[in-house]
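Student: Here you go, one structure.
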Amino acid sequence: MRYEGNIVDPREKRIYPATIVIEDGKISEISESDGKYDRYIMPGFVDAHIHIESSMLPPYEFSRLATPHGTVATISDPHEIANVLGMEGVSFMIENGLKTPMKILFGASPCVPATPFETSGAKLGPEEVSRLLDMDGIGYLSEVMNYPGVVSGDSDMMKKIAEAKKRSMPIDGHAPGLRGADLEKYISAGIETDHESYTLDEAREKLEKGMKIIIREGSAAKNFDALHPLITQYSDRVMFCSDDRHPNDLMKGHIDTIVRKSLSLGYDLFDVLKIASINPVEHYGVDVGTLRVGDRADFIVVGDLKKIDIIETVIDGEVVARNGKSLLPRIDTPTPNRFATRKKRKSDFYMPSCREMEVIQALDHELITHEKVLSPGEEEDIAKIAVINRYADKAIKGLAHIEGFGLACGAMASSVAHDSHNIVVVGKSDEEMKDAVNLIISSKGGISAVCEDESMHLPLPIAGLMSDADGAEVALQYEEVERFVKERLGSTLESPFMTLSFMALLVIPELKLSDRGLFDSRSFHFISPCR
């Protein structure tokens with residue numbers, strides 16, 4: 001097989017006409033020519049950190065939506081499904097991922113559960129992490145979210161890191177706001193990357209102390225606007241990622257959107273392509289071709305270097321997507337799950353009144369929250385939030401107040417609730433909260449929204465996280481439920497379900513909620529929802 005076009009080489013920083021010869025899925029020859037071509041051949045894009053489960057699709061179906069956007073590989077942390085199903089869930093992801101030609105490097109998740117202050121469906125100790133690191137398809141230690149444990153020298157955490165070091169595997173970080181001496185301790189443990197920097201100063205400090213920074217632009221957390229100046233100064237030590245990408249957003253774009261955004265700001269094409277393609281391949285040692293003789297024939301064909309209009313995505317010499325359409329067929333997918341709680345009653349959501357309330361302030365486009373103390377009636381935007389243990393049928397202990405969703409009526413609920421994936425619900429009335437939660441319980445996972453006698457629901461039967469349906473259909477259903485939340489319930493958030501899913505993530509400051517109660521992520525202890 002031969003491909004002709006203008007090769008864009010980020011390493012040599014040159015563009016030249018050439019013919020590529022492909023044999024057995026590899027590039028056997030690249031010969032410069034005198035041809036004049038109206039298309040460009042460049043390395044495919046790599047998402048340097050993503051939880052595929054956030055797309056609400058299993059790996060194979062995810063690839064059918066991602067490859068038309070030029071994605072040839074992902075560095076994927078399966079800790080979402082690991083929190084639900086443990087090693088069984090990780091095995092499911094690897095097996096399903098092997099069915100797609102897109103290259104997926106999975107990591108061994110060291111923080112399952114993320115903290116001991118919540119109920120998860122599984123626990124991965126040092127022994128389980130060691131076994132995962134020896135599995136085919138696993139190539140690195142996933143994000144070490146328990147940064148306080150690393151700083152304090154927690155025994156189990158350090159054993160997991162040691163297992164990765166023993167195998168000379170990359171170790172991913174997760175350290176929002178970590179600075180100074182504590183950051184130095186964290187890095188000295190062997191942790192190499194961070195995708196949680198919110199400010200340019202924070203990212204620069206981490207880079208100067210030896211880390212690599214992954215610039216994130218996902219469905220909820222968007223840090224590109226703050227961090228893009230790093231592209232020029234640190235092009236050798238920066239990567240791009242989406243972290244979490246909902247299905248409707250994935251239909252619109254993936255890493256290609258970050259590439260276009262970078263180019264629109266005037267950044268050098270070669271620097272941007274190096275960050276989007278070469279750096280993650282080299283850092284993680286992925287078997288992904290980057291347009292060299294002997295490499296796998298993994299590349300994309302575009303018609304315009306400013307628009308990055310992707311004509312074809314080629315993986316192992318085969319065209320897997322053309323003109324925005326996947327060429328990969330649909331396949332059937334099993335639906336492993338773990339769901340034990342029963343339907344709830346209105347009275348289960350009762351909270352006694354407070355003279356002063358501890359309120360979680362949710363922020364658009366951010367995973368962090370702020371703490372506020374308010375009196376009842378002081379703010380119209382106050383809603384109630386609950387987190388319900390889905391692994392056992394127990395009384396609801398996780399109840400608090402929240403601001404920022406802008407709900408005028410109704411309730412919205414989700415079994416995608418990082419990282420333990422219990423059921424999280426925000427609502428204006430106990431009755432509607434009960435109805436939204438029961439829709440999810442009835443389908444053993446999903447997202448739902450209720451306002452008075454109207455409701456919408458997207459079932460997620462794979463671990464309560466993913467659908468077994470066609471990806472485009474899931475994206476459409478998700479968009480319809482989200483539109484209902486914005487137009488009928490009145491939410492002012494750009495991605496209300498993505499924001500909702502992070503309200504139970506205890507390792508991100510300031511206040512979060514677990515199934516066991518209201519949690520202060522700064523001091524790492526529970527607090528009362530009433531003052």
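Note on naming: chains are A, B, ... as they come in the structure tokens, residues start from 1 per chain, ligands start from 1 in the order shown.
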Would you list the contacts of A:Gln477 as a PyMOL selection string, taking every protein, DNA or RNA residue within 10 Å and counting only C-alpha atoms, but skipping same-chain residues closer than 6 positions in sequence?

Tutor: chain A and resi 247-248+456-459+471+483

Student: Just write the chosen residues, C-alpha atoms, as a compact mmCIF listing (two decimals), in the first residue's frame.

Tutor:
```txt
# COMPACT_ATOMS: atom_id res chain seq x y z
CA PRO A 247 -20.53 11.49 24.45
CA ASN A 248 -22.07 14.59 22.89
CA MET A 456 -36.00 11.89 31.08
CA HIS A 457 -33.61 8.99 31.58
CA LEU A 458 -30.53 7.47 29.90
CA PRO A 459 -29.78 3.91 31.15
CA GLY A 471 -22.36 5.75 20.44
CA ARG A 483 -31.15 20.02 27.27
```

Student: List the spatial neighbours of A:Lys99 as a ChimeraX atom specification - criterion: any atom at most 12 Å away, only C-alpha atoms, same-chain residues fewer than 6 positions off excluded.

Tutor: /A:58-64,92-93,328-333

Student: Deliver the residues from the most recent selection as a file, using N, CA and C atoms, as a PDB file, in the first residue's frame.

Tutor:
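File out19.pdb, as written:
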```pdb
ATOM      1  N   PRO A  58     -18.223   1.944  26.155  1.00  0.00           N
ATOM      2  CA  PRO A  58     -17.080   1.047  26.339  1.00  0.00           C
ATOM      3  C   PRO A  58     -15.993   1.375  25.331  1.00  0.00           C
ATOM      4  N   PRO A  59     -14.765   0.880  25.539  1.00  0.00           N
ATOM      5  CA  PRO A  59     -13.634   1.298  24.697  1.00  0.00           C
ATOM      6  C   PRO A  59     -13.857   1.164  23.193  1.00  0.00           C
ATOM      7  N   TYR A  60     -14.420   0.039  22.744  1.00  0.00           N
ATOM      8  CA  TYR A  60     -14.602  -0.136  21.305  1.00  0.00           C
ATOM      9  C   TYR A  60     -15.536   0.935  20.744  1.00  0.00           C
ATOM     10  N   GLU A  61     -16.659   1.165  21.399  1.00  0.00           N
ATOM     11  CA  GLU A  61     -17.609   2.151  20.890  1.00  0.00           C
ATOM     12  C   GLU A  61     -17.036   3.562  21.003  1.00  0.00           C
ATOM     13  N   PHE A  62     -16.254   3.797  22.052  1.00  0.00           N
ATOM     14  CA  PHE A  62     -15.541   5.079  22.181  1.00  0.00           C
ATOM     15  C   PHE A  62     -14.667   5.315  20.954  1.00  0.00           C
ATOM     16  N   SER A  63     -13.973   4.276  20.519  1.00  0.00           N
ATOM     17  CA  SER A  63     -13.062   4.430  19.382  1.00  0.00           C
ATOM     18  C   SER A  63     -13.811   4.774  18.100  1.00  0.00           C
ATOM     19  N   ARG A  64     -15.047   4.308  17.971  1.00  0.00           N
ATOM     20  CA  ARG A  64     -15.835   4.620  16.777  1.00  0.00           C
ATOM     21  C   ARG A  64     -16.172   6.119  16.704  1.00  0.00           C
ATOM     22  N   PHE A  92     -12.501  -6.300  31.781  1.00  0.00           N
ATOM     23  CA  PHE A  92     -13.521  -5.996  30.774  1.00  0.00           C
ATOM     24  C   PHE A  92     -13.041  -4.898  29.828  1.00  0.00           C
ATOM     25  N   MET A  93     -12.449  -3.839  30.392  1.00  0.00           N
ATOM     26  CA  MET A  93     -11.990  -2.727  29.563  1.00  0.00           C
ATOM     27  C   MET A  93     -10.882  -3.170  28.606  1.00  0.00           C
ATOM     28  N   LEU A 328     -15.496   1.503  11.414  1.00  0.00           N
ATOM     29  CA  LEU A 328     -15.527   0.327  12.290  1.00  0.00           C
ATOM     30  C   LEU A 328     -16.971  -0.111  12.506  1.00  0.00           C
ATOM     31  N   PRO A 329     -17.264  -1.400  12.371  1.00  0.00           N
ATOM     32  CA  PRO A 329     -18.646  -1.877  12.540  1.00  0.00           C
ATOM     33  C   PRO A 329     -19.051  -1.917  14.007  1.00  0.00           C
ATOM     34  N   ARG A 330     -20.346  -1.938  14.263  1.00  0.00           N
ATOM     35  CA  ARG A 330     -20.858  -2.123  15.625  1.00  0.00           C
ATOM     36  C   ARG A 330     -20.603  -3.551  16.083  1.00  0.00           C
ATOM     37  N   ILE A 331     -20.367  -3.728  17.387  1.00  0.00           N
ATOM     38  CA  ILE A 331     -20.258  -5.071  17.960  1.00  0.00           C
ATOM     39  C   ILE A 331     -21.114  -5.146  19.223  1.00  0.00           C
ATOM     40  N   ASP A 332     -21.494  -6.353  19.615  1.00  0.00           N
ATOM     41  CA  ASP A 332     -22.241  -6.547  20.855  1.00  0.00           C
ATOM     42  C   ASP A 332     -21.292  -6.456  22.046  1.00  0.00           C
ATOM     43  N   THR A 333     -21.811  -5.958  23.156  1.00  0.00           N
ATOM     44  CA  THR A 333     -20.996  -5.757  24.361  1.00  0.00           C
ATOM     45  C   THR A 333     -21.717  -6.316  25.582  1.00  0.00           C
TER      46      THR A 333
END
```

Student: For A:Glu366, which of A:Ile310, A:Ile527, A:Ala220, A:Val281 is the closest residue, counting only C-alpha atoms?

Tutor: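 Under the stated criterion, the closest residue is A:Ala220.
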
Student: What does the structure give for the distance between atom CA of A:Asp298 and atom CA of A:Met211, in Å to one decimal?

Tutor: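 That distance, rounded to one decimal, is 27.9 Å.
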
Student: Report as a list in words all protein, DNA and RNA residues lying within 9 Å of A:Gly139, evaluated on only C-alpha atoms, omitting residues in the same chain fewer than 2 positions from it.

Tutor: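 Using only C-alpha atoms, the neighbours found are Leu105, Phe106, Gly107, Ala108, Leu133, Asp134, Met135, Asp136, Gly137, Leu141, Met169, Pro170, Tyr284, Gly285 and Val286 of chain A.
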
Student: Skip A:Gly125 itself and residues of its chain fewer than 2 positions away, then list as a list of chain:residue names all residues within 12 Å of it, counting only C-alpha atoms.

Tutor: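 Neighbouring residues, sequence-local ones excluded: A:Ala82, A:Gly86, A:Met87, A:Ala108, A:Ser109, A:Pro110, A:Cys111, A:Val112, A:Pro113, A:Ala114, A:Ala122, A:Lys123, A:Glu127, A:Glu128, A:Val129, A:Ser130, A:Arg131, A:Leu132, A:Ser155, A:Asp156, A:Met157, A:Met158, A:Lys159, A:Lys160, A:Ile161, A:Glu163.
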